[in-house]
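Source file: run_31.tsv (TSV, C-alpha atoms and all ligand atoms)
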chain	number	residue	atom	x	y	z
A	70	MET	CA	-26.65	13.65	50.95
A	71	SER	CA	-29.05	10.74	50.45
A	72	ALA	CA	-30.11	9.87	46.90
A	73	VAL	CA	-33.32	11.44	45.63
A	74	PRO	CA	-35.92	8.70	45.06
A	75	LYS	CA	-37.32	8.12	41.60
A	76	ILE	CA	-41.08	8.47	41.21
A	77	GLU	CA	-42.99	6.29	38.77
A	78	GLN	CA	-46.41	7.20	37.39
A	79	ASN	CA	-47.93	4.05	38.94
A	80	GLN	CA	-46.96	5.32	42.42
A	81	VAL	CA	-48.85	8.57	42.03
A	82	SER	CA	-52.31	7.55	43.23
A	83	SER	CA	-50.96	6.13	46.49
A	84	LEU	CA	-48.89	9.30	46.99
A	85	GLU	CA	-52.05	11.34	46.38
A	86	ASN	CA	-53.91	9.27	48.98
A	87	PHE	CA	-51.22	10.03	51.50
A	88	GLY	CA	-51.27	13.70	50.45
A	89	ASP	CA	-55.03	13.70	51.07
A	90	HIS	CA	-54.37	12.36	54.57
A	91	LEU	CA	-51.77	15.12	55.22
A	92	GLY	CA	-54.26	17.75	54.07
A	93	LYS	CA	-56.89	16.78	56.63
A	94	SER	CA	-55.46	19.22	59.18
A	95	LEU	CA	-56.25	22.11	56.80
A	96	ILE	CA	-59.89	21.21	56.24
A	97	GLY	CA	-62.19	24.15	57.00
A	98	LYS	CA	-59.28	26.58	57.45
A	99	ARG	CA	-59.33	28.21	54.02
A	100	SER	CA	-61.09	31.61	54.35
A	101	SER	CA	-63.37	32.83	51.59
A	102	TRP	CA	-60.89	35.56	50.52
A	103	ILE	CA	-58.46	32.90	49.35
A	104	MET	CA	-59.00	32.24	45.65
A	105	GLY	CA	-57.07	31.38	42.52
A	106	GLN	CA	-55.31	28.60	44.41
A	107	ILE	CA	-54.41	25.04	43.50
A	108	SER	CA	-57.30	22.55	43.69
A	109	LYS	CA	-57.75	19.89	46.34
A	110	ARG	CA	-56.58	17.22	43.88
A	111	ASP	CA	-53.47	19.26	43.12
A	112	GLU	CA	-52.88	19.67	46.86
A	113	ASN	CA	-52.98	15.89	47.26
A	114	PHE	CA	-50.41	15.46	44.50
A	115	ILE	CA	-47.90	18.01	45.80
A	116	SER	CA	-48.33	16.96	49.44
A	117	GLY	CA	-47.91	13.32	48.45
A	118	ILE	CA	-44.73	14.04	46.49
A	119	ILE	CA	-43.33	16.07	49.37
A	120	SER	CA	-44.12	13.23	51.75
A	121	TYR	CA	-42.10	10.92	49.53
A	122	LEU	CA	-39.15	13.18	48.73
A	123	LYS	CA	-38.93	14.87	52.15
A	124	PRO	CA	-37.25	18.05	50.89
A	125	GLN	CA	-35.67	20.30	53.51
A	126	LYS	CA	-35.42	23.41	51.36
A	127	VAL	CA	-38.16	24.33	48.94
A	128	VAL	CA	-38.81	27.29	46.66
A	129	GLU	CA	-42.22	28.22	45.30
A	130	VAL	CA	-42.51	30.69	42.39
A	131	GLY	CA	-46.03	32.16	42.33
A	132	VAL	CA	-47.46	32.61	45.83
A	133	ALA	CA	-50.64	34.77	45.49
A	134	SER	CA	-52.72	34.31	48.68
A	135	GLY	CA	-50.19	31.88	50.15
A	136	TRP	CA	-52.56	28.91	50.05
A	137	SER	CA	-50.18	26.61	48.17
A	138	SER	CA	-47.37	27.79	50.50
A	139	THR	CA	-49.60	26.72	53.40
A	140	VAL	CA	-50.19	23.31	51.83
A	141	ILE	CA	-46.47	22.76	51.22
A	142	LEU	CA	-45.48	23.87	54.73
A	143	ASN	CA	-48.21	21.71	56.22
A	144	ALA	CA	-46.95	18.66	54.33
A	145	MET	CA	-43.35	19.39	55.36
A	146	SER	CA	-44.34	19.86	59.01
A	147	GLN	CA	-46.33	16.64	59.26
A	148	LEU	CA	-43.30	14.73	58.08
A	149	GLY	CA	-41.28	16.09	60.90
A	150	ALA	CA	-39.50	18.53	58.61
A	151	PRO	CA	-40.06	21.97	60.21
A	152	ASP	CA	-39.47	20.59	63.68
A	153	GLY	CA	-37.79	23.64	65.10
A	154	LYS	CA	-34.72	23.35	62.91
A	155	GLU	CA	-34.05	26.74	61.38
A	156	ASP	CA	-32.43	25.17	58.32
A	157	VAL	CA	-35.74	23.75	57.08
A	158	TRP	CA	-37.75	26.22	55.07
A	159	LEU	CA	-39.95	27.16	52.16
A	160	THR	CA	-39.26	30.40	50.28
A	161	GLY	CA	-42.11	31.91	48.28
A	162	VAL	CA	-41.23	34.20	45.37
A	163	ASP	CA	-43.80	36.45	43.74
A	164	LEU	CA	-43.51	39.45	41.45
A	165	SER	CA	-46.37	41.18	43.21
A	166	PRO	CA	-46.13	42.35	46.85
A	167	ASP	CA	-49.94	42.39	46.92
A	168	TYR	CA	-52.29	39.47	46.44
A	169	TYR	CA	-53.31	39.82	42.80
A	170	LEU	CA	-57.04	39.35	43.52
A	171	ASP	CA	-57.23	41.88	46.40
A	172	LYS	CA	-54.66	44.66	46.57
A	173	GLU	CA	-55.53	45.27	50.24
A	174	ILE	CA	-54.00	41.90	51.17
A	175	ARG	CA	-50.29	41.14	51.16
A	176	THR	CA	-49.03	38.27	49.05
A	177	GLY	CA	-48.64	35.14	51.15
A	178	ALA	CA	-50.96	36.33	53.94
A	179	ALA	CA	-52.70	32.96	54.21
A	180	VAL	CA	-49.64	31.41	55.86
A	181	ALA	CA	-49.80	33.67	58.94
A	182	GLU	CA	-53.57	33.22	59.10
A	183	ILE	CA	-53.70	29.43	58.81
A	184	VAL	CA	-50.38	28.01	60.03
A	185	PRO	CA	-48.80	30.75	62.20
A	186	ASP	CA	-46.66	28.15	63.99
A	187	LEU	CA	-44.87	27.45	60.72
A	188	LEU	CA	-43.96	31.09	59.99
A	189	PRO	CA	-40.37	30.60	61.27
A	190	HIS	CA	-39.95	28.21	58.35
A	191	TYR	CA	-41.41	30.52	55.75
A	192	ARG	CA	-39.56	33.20	53.82
A	193	LEU	CA	-41.08	35.46	51.24
A	194	LYS	CA	-39.48	37.45	48.44
A	195	THR	CA	-41.88	39.71	46.60
A	196	GLY	CA	-41.45	42.38	43.94
A	197	VAL	CA	-38.79	40.31	42.19
A	198	PHE	CA	-38.52	37.87	39.32
A	199	SER	CA	-37.35	34.34	40.11
A	200	PHE	CA	-33.89	34.99	38.65
A	201	GLN	CA	-33.48	38.00	40.96
A	202	ALA	CA	-34.58	36.02	44.00
A	203	MET	CA	-32.70	32.75	43.57
A	204	PRO	CA	-29.19	33.90	44.55
A	205	ASP	CA	-30.65	34.94	47.94
A	206	VAL	CA	-32.84	31.85	48.21
A	207	GLY	CA	-29.79	29.61	47.75
A	208	GLY	CA	-29.72	25.83	47.35
A	209	VAL	CA	-33.05	24.00	47.27
A	210	ASP	CA	-34.06	20.37	46.87
A	211	PHE	CA	-37.59	20.87	45.56
A	212	ALA	CA	-39.32	23.61	43.57
A	213	PHE	CA	-42.89	24.46	42.67
A	214	ILE	CA	-43.60	26.78	39.73
A	215	ASP	CA	-47.05	28.39	39.53
A	216	ALA	CA	-46.51	31.99	38.38
A	217	HIS	CA	-47.13	33.54	34.95
A	218	HIS	CA	-48.80	30.98	32.68
A	219	ALA	CA	-48.04	32.49	29.28
A	220	HIS	CA	-45.05	31.00	27.49
A	221	PRO	CA	-42.07	31.58	28.07
A	222	TRP	CA	-42.49	32.43	31.76
A	223	ALA	CA	-42.58	28.97	33.35
A	224	THR	CA	-39.51	28.00	31.31
A	225	PHE	CA	-37.76	31.19	32.46
A	226	ASP	CA	-38.62	30.29	36.04
A	227	LEU	CA	-37.19	26.82	35.52
A	228	LEU	CA	-33.96	28.32	34.13
A	229	SER	CA	-33.82	30.49	37.27
A	230	VAL	CA	-34.11	27.68	39.75
A	231	ILE	CA	-31.97	25.02	38.01
A	232	PRO	CA	-28.55	26.38	39.11
A	233	PHE	CA	-29.70	26.17	42.74
A	234	MET	CA	-31.38	22.75	42.59
A	235	SER	CA	-29.76	19.69	44.15
A	236	PRO	CA	-28.82	16.66	42.00
A	237	ASN	CA	-31.77	14.68	40.61
A	238	SER	CA	-34.28	16.96	42.34
A	239	TRP	CA	-37.87	17.41	41.23
A	240	VAL	CA	-39.72	20.52	40.07
A	241	ALA	CA	-43.52	20.54	40.30
A	242	LEU	CA	-45.41	22.54	37.67
A	243	HIS	CA	-48.95	23.78	38.03
A	244	ASP	CA	-51.58	24.29	35.33
A	245	ILE	CA	-49.99	21.93	32.84
A	246	ASN	CA	-53.32	21.65	31.02
A	247	LEU	CA	-54.64	25.15	31.62
A	248	CYS	CA	-54.56	25.95	27.90
A	249	THR	CA	-56.97	23.07	27.23
A	250	VAL	CA	-59.66	24.65	29.43
A	251	PRO	CA	-62.08	26.23	26.91
A	252	ARG	CA	-62.15	29.68	28.52
A	253	HIS	CA	-58.37	29.94	28.11
A	254	GLN	CA	-58.78	29.58	24.33
A	255	HIS	CA	-55.56	27.56	23.95
A	256	LYS	CA	-53.56	30.35	25.59
A	257	ASN	CA	-51.43	30.18	28.75
A	258	ARG	CA	-49.30	27.41	27.33
A	259	ALA	CA	-46.16	27.91	29.44
A	260	PRO	CA	-46.61	25.01	31.88
A	261	TYR	CA	-48.07	22.86	29.07
A	262	TYR	CA	-44.98	23.22	26.88
A	263	LEU	CA	-42.66	22.75	29.81
A	264	TYR	CA	-44.29	19.58	31.08
A	265	PHE	CA	-45.22	17.87	27.81
A	266	LEU	CA	-41.96	18.72	25.98
A	267	TRP	CA	-39.83	17.67	28.95
A	268	LYS	CA	-37.61	14.78	27.80
A	269	GLY	CA	-36.60	13.50	31.23
A	270	PRO	CA	-38.59	11.52	33.81
A	271	LYS	CA	-41.88	13.11	34.85
A	272	VAL	CA	-45.15	12.26	36.57
A	273	HIS	CA	-48.55	13.90	36.63
A	274	SER	CA	-51.58	13.85	38.89
A	275	SER	CA	-54.27	11.20	38.42
A	276	PRO	CA	-57.19	13.06	36.79
A	277	GLU	CA	-57.71	12.33	33.10
A	278	THR	CA	-56.71	15.90	32.31
A	279	PRO	CA	-54.08	16.51	34.98
A	280	MET	CA	-53.37	20.08	36.10
A	281	ILE	CA	-50.21	19.37	38.04
A	282	GLY	CA	-47.08	17.42	37.24
A	283	ALA	CA	-43.46	17.18	38.27
A	284	ILE	CA	-40.28	16.88	36.22
A	285	ASN	CA	-37.08	15.23	37.37
A	286	LEU	CA	-33.79	17.07	36.82
A	287	PRO	CA	-30.57	15.24	35.92
A	288	GLU	CA	-27.77	14.55	38.38
A	289	ASN	CA	-26.16	17.82	37.32
A	290	PRO	CA	-29.30	19.94	36.86
A	291	ARG	CA	-27.52	22.32	34.46
A	292	ASP	CA	-27.03	19.43	32.02
A	293	CYS	CA	-30.62	19.90	30.85
A	294	PHE	CA	-29.89	23.43	29.59
A	295	SER	CA	-30.10	22.50	25.89
A	296	ASP	CA	-33.37	20.65	26.45
A	297	VAL	CA	-34.77	23.70	28.21
A	298	ILE	CA	-33.63	25.93	25.32
A	299	GLU	CA	-35.49	23.61	22.93
A	300	ILE	CA	-38.69	24.20	24.91
A	301	LEU	CA	-37.97	27.93	25.15
A	302	SER	CA	-37.67	28.06	21.34
A	303	THR	CA	-41.38	27.40	20.94
A	304	PRO	CA	-42.78	30.79	19.83
A	305	TRP	CA	-43.58	32.97	22.82
A	306	GLU	CA	-47.12	34.02	23.61
A	307	VAL	CA	-46.12	37.36	25.11
A	308	HIS	CA	-43.48	39.93	24.34
A	309	VAL	CA	-40.67	40.18	26.87
A	310	PRO	CA	-39.07	43.66	26.86
A	311	GLU	CA	-35.47	43.84	25.71
A	312	ASP	CA	-34.21	45.48	28.91
A	313	LEU	CA	-35.60	42.58	30.95
A	314	LEU	CA	-34.15	40.05	28.53
A	315	HIS	CA	-30.71	41.62	29.00
A	316	LEU	CA	-30.92	40.90	32.72
A	317	TRP	CA	-31.85	37.32	31.92
A	318	VAL	CA	-28.90	36.98	29.55
A	319	GLU	CA	-26.57	38.18	32.33
A	320	TYR	CA	-28.07	35.57	34.66
A	321	VAL	CA	-27.67	32.77	32.13
A	322	VAL	CA	-24.06	33.76	31.41
A	323	LYS	CA	-23.28	33.91	35.14
A	324	TYR	CA	-24.84	30.56	36.05
A	325	TYR	CA	-24.57	28.53	32.83
A	326	GLY	CA	-21.54	30.07	31.06
A	327	ASP	CA	-20.78	32.17	27.96
A	328	ALA	CA	-21.76	29.55	25.36
A	329	ALA	CA	-25.09	29.02	27.08
A	330	GLY	CA	-25.62	32.79	27.15
A	331	LYS	CA	-25.18	32.92	23.35
A	332	GLU	CA	-27.58	30.00	22.87
A	333	PHE	CA	-30.10	31.74	25.11
A	334	MET	CA	-29.76	35.05	23.22
A	335	ASN	CA	-30.23	33.37	19.83
A	336	CYS	CA	-33.30	31.59	21.11
A	337	CYS	CA	-34.80	34.82	22.50
A	338	ALA	CA	-34.15	36.64	19.22
A	339	ILE	CA	-36.12	34.01	17.31
A	340	ALA	CA	-38.89	33.19	19.77
A	341	ASN	CA	-39.78	36.52	21.40
A	342	LYS	CA	-43.16	37.79	20.30
A	343	PRO	CA	-43.03	41.06	18.35
A	344	THR	CA	-43.70	44.19	20.42
A	345	LEU	CA	-47.23	44.37	19.00
A	346	GLY	CA	-48.10	41.44	21.26
A	347	ARG	CA	-49.34	41.88	24.81
A	348	SER	CA	-46.38	43.14	26.79
A	349	ASN	CA	-45.46	41.60	30.09
A	350	ALA	CA	-42.99	42.61	32.72
A	401	LIG	C1	-51.95	31.49	40.06
A	401	LIG	S1	-51.20	32.57	41.19
A	401	LIG	C2	-50.39	31.48	42.29
A	401	LIG	C3	-51.33	30.66	43.12
A	401	LIG	C4	-50.68	29.94	44.29
A	401	LIG	N1	-49.62	29.07	43.84
A	401	LIG	C5	-51.71	29.11	45.06
A	401	LIG	O1	-52.05	28.02	44.59
A	401	LIG	O2	-52.18	29.56	46.09
A	401	LIG	C6	-49.89	33.25	40.25
A	401	LIG	C7	-48.99	34.23	41.00
A	401	LIG	O3	-47.82	34.45	40.21
A	401	LIG	C8	-47.41	35.79	40.32
A	401	LIG	N2	-46.61	36.11	39.13
A	401	LIG	C9	-47.05	36.45	37.87
A	401	LIG	N3	-45.99	36.60	37.04
A	401	LIG	C10	-44.88	36.35	37.77
A	401	LIG	C11	-43.51	36.32	37.46
A	401	LIG	N4	-43.05	36.56	36.23
A	401	LIG	N5	-42.65	36.02	38.46
A	401	LIG	C12	-43.08	35.75	39.72
A	401	LIG	N6	-44.39	35.75	40.07
A	401	LIG	C13	-45.27	36.04	39.11
A	401	LIG	C14	-48.70	36.59	40.46
A	401	LIG	O4	-48.45	37.81	41.15
A	401	LIG	C15	-49.59	35.62	41.25
A	401	LIG	O5	-49.52	35.91	42.63
Produce structure tokens that represent the structure in this file.
Ligand SMILES: C[S@@+](CC[C@H](N)C(=O)[O-])C[C@H]1O[C@@H](n2cnc3c(N)ncnc32)[C@H](O)[C@@H]1O
Amino acid sequence: MSAVPKIEQNQVSSLENFGDHLGKSLIGKRSSWIMGQISKRDENFISGIISYLKPQKVVEVGVASGWSSTVILNAMSQLGAPDGKEDVWLTGVDLSPDYYLDKEIRTGAAVAEIVPDLLPHYRLKTGVFSFQAMPDVGGVDFAFIDAHHAHPWATFDLLSVIPFMSPNSWVALHDINLCTVPRHQHKNRAPYYLYFLWKGPKVHSSPETPMIGAINLPENPRDCFSDVIEILSTPWEVHVPEDLLHLWVEYVVKYYGDAAGKEFMNCCAIANKPTLGRSNA
């Protein structure tokens, strides 16, 4: 396997320019029903990074309409990635089988509408959490997390994908500054904590208040477990039910080992929001 390139912050604007170029084929194709999607600037960032890293297997957690799936597939296809080879794909994972803004529409429907030729390279797993999906998704060399924005969910999603990520791979995170948007009233801090507390290499998009960034995993991705636990220890914004946490503990024990499972349990016991908080499952 060829080495994963490093990305420096001073490369980002030229990657975004190339991402903008890749996105030209999608101009005018986004129907009015598609909402709640990543912005054009965020599209440029993720397409540019994909153009540079050339991942063959990608997972996206948080699909909604399927617009960001479309953008990712489009970037992969224009690089000669989905060129008929069945082993090149993007898997979308979403807890909801239905598009959260219109229950009449299936999650991910934009892909079939906008890039039907790329459907053979698209897989979708809905009605499951990321940790339930990943064993079926298998090994990936790039991930994009854009699901639940309240802490700890993005960090949970990162813990889910890490055991399946290739050495030194990158994970893009959306809405890293969502909590700074006044209407969010400093809530929805999951991607913010994950990106800004990340100790390893990372880059963000060019705007002054970037909404998208990417973090670089170590050679053995599981080596960052303790760093991730440190981020997870920041008090949670939402309560996570005990029965769901038990499933998470089992996952952590299985993929990170017994000691990690204990560390994870201790962290959950301290950081979980009391049941009076808004529940989420
Ligand atoms: C902001 S939308 C994703 C937008 C999409 N990435 C785009 O740009 O087109 C967030 C999605 O995450 C899903 N979601 C919420 N919580 C989740 C969880 N814990 N696991 C997986 N998906 C979740 C929602 O159903 C919703 O479809």
Enclosing box along x, y and z for every listed atom of segment 196-206 of chain A, padded 3 Å each side, centre and size in Å, one decimal, as lines of an AutoDock Vina configuration file:
center_x = -35.3
center_y = 37.1
center_z = 43.4
size_x = 18.3
size_y = 16.5
size_z = 15.6
Worksheet entry | Lys126 of chain A surroundings by only C-alpha atoms, 7 Å radius, close-in-sequence under 2 positions cut, as a PyMOL selection string | chain A and resi 124+128+157-159+209-211
Fill in: Option closest in space to ligand LIG 401 (chain A), from A:Lys331, A:Lys109, A:His190, A:Lys256 [counting all atoms listed in the file]
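Under the stated criterion, the closest residue is A:Lys109.
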Discussion item. Around ligand LIG 401 (chain A), which protein and nucleic acid residues have at least one atom no more than 6 Å from it, if we count all atoms listed in the file? List them as a VMD selection string.
Written reply: chain A and resid 105 to 107 130 to 137 163 to 165 168 to 169 198 to 199 215 to 217
Practice prompt. For Ala202 of chain A, list every protein, DNA or RNA residue within 10 Å, evaluated using all atoms listed in the file, and leave out those in the same chain fewer than 2 positions away; present the list as an MDAnalysis selection string.
Written response: chainID A and resid 130 160:164 193:200 204:207 229:230
Worksheet item: Which one of A:Arg258, A:His220, A:Arg175, A:His90 sits closest to Arg110 of chain A if you count all atoms listed in the file?
Response: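 Going through A:Arg258, A:His220, A:Arg175, A:His90 one by one, the smallest distance to Arg110 of chain A is for A:His90.
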Select from segment 263-321 of chain A every residue with an atom at most 9 Å from any atom of segment 74-81 of chain A, then for each give the shortest pair of atoms and their distance in Å to one decimal, using only C-alpha atoms, rows by chain and rising number, as CSV.
residue,atom,partner,partner_atom,distance
A:Pro270,CA,A:Ile76,CA,8.4
A:Lys271,CA,A:Gln78,CA,7.9
A:Val272,CA,A:Gln78,CA,5.3
A:His273,CA,A:Gln78,CA,7.1
A:Ser274,CA,A:Val81,CA,6.7
A:Ser275,CA,A:Val81,CA,7.0
A:Asn285,CA,A:Lys75,CA,8.3
Worksheet entry | Selection near segment 332-340 of chain A, 6 Å with all atoms listed in the file, sequence-local residues under 2 positions removed, as a ChimeraX atom specification | /A:302,304-305,329-330
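Comparing the minimum interatomic distances between Arg99 of chain A and each of A:Gly326, A:Asn341, A:Ala178, A:Asp186, counting all atoms listed in the file, we find that A:Ala178 sits nearest.
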Worksheet entry | Shell around Asn257 of chain A at 6 Å using only C-alpha atoms, local window under 6 positions removed, as a PyMOL selection string | chain A and resi 218-219+248
Worksheet item: By how many Å are atom CA of Leu286 of chain A and atom CA of Asp312 of chain A apart?
Response: 29.5 Å
Fill in: Pick from A:Lys268, A:Pro279, A:Val140, A:Asp111 nearest to Gly92 of chain A, counting all atoms listed in the file
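Using all atoms listed in the file, the shortest distance to Gly92 of chain A belongs to A:Val140.
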Fill in: Residue with smallest distance to Ala328 of chain A - pool A:Lys93, A:Leu148, A:Ser295, A:Phe225, counting all atoms listed in the file
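When distances to Ala328 of chain A are compared using all atoms listed in the file, the smallest one comes from A:Ser295.
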Practice prompt. Could you please give me, as a ChimeraX atom specification, the residues of protein, DNA or RNA lying at most 7 Å from (-47.2, 24.6, 41.5) in the coordinate frame of the file, considering all atoms listed in the file?
Written response: /A:213-215,241-243,281
Worksheet item: How many Å separate atom CA of Leu122 of chain A from atom CA of Val321 of chain A?
Response: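 Here the two named atoms are 28.1 Å from each other.
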Practice prompt. Can you work out the spacing between atom CA of Gly282 of chain A and atom CA of Ile245 of chain A in Å, to one decimal?
Written response: 6.9 Å
Worksheet item: Hey, which of A:Ile115, A:Ala259, A:Ala283, A:Leu228 ends up closest to Val318 of chain A? Count all atoms listed in the file.
Response: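 For Val318 of chain A, the nearest of the candidates is A:Leu228.
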Which neighbours of Val73 of chain A fall inside 8 Å, counting all atoms listed in the file, when residues of the same chain fewer than 5 positions from it are skipped, and could you give them as a compact mmCIF listing (two decimals) with C-alpha atoms, in the frame of the given file?
# COMPACT_ATOMS: atom_id res chain seq x y z
CA LEU A 122 -39.15 13.18 48.73
CA PRO A 236 -28.82 16.66 42.00
CA ASN A 237 -31.77 14.68 40.61
CA SER A 238 -34.28 16.96 42.34
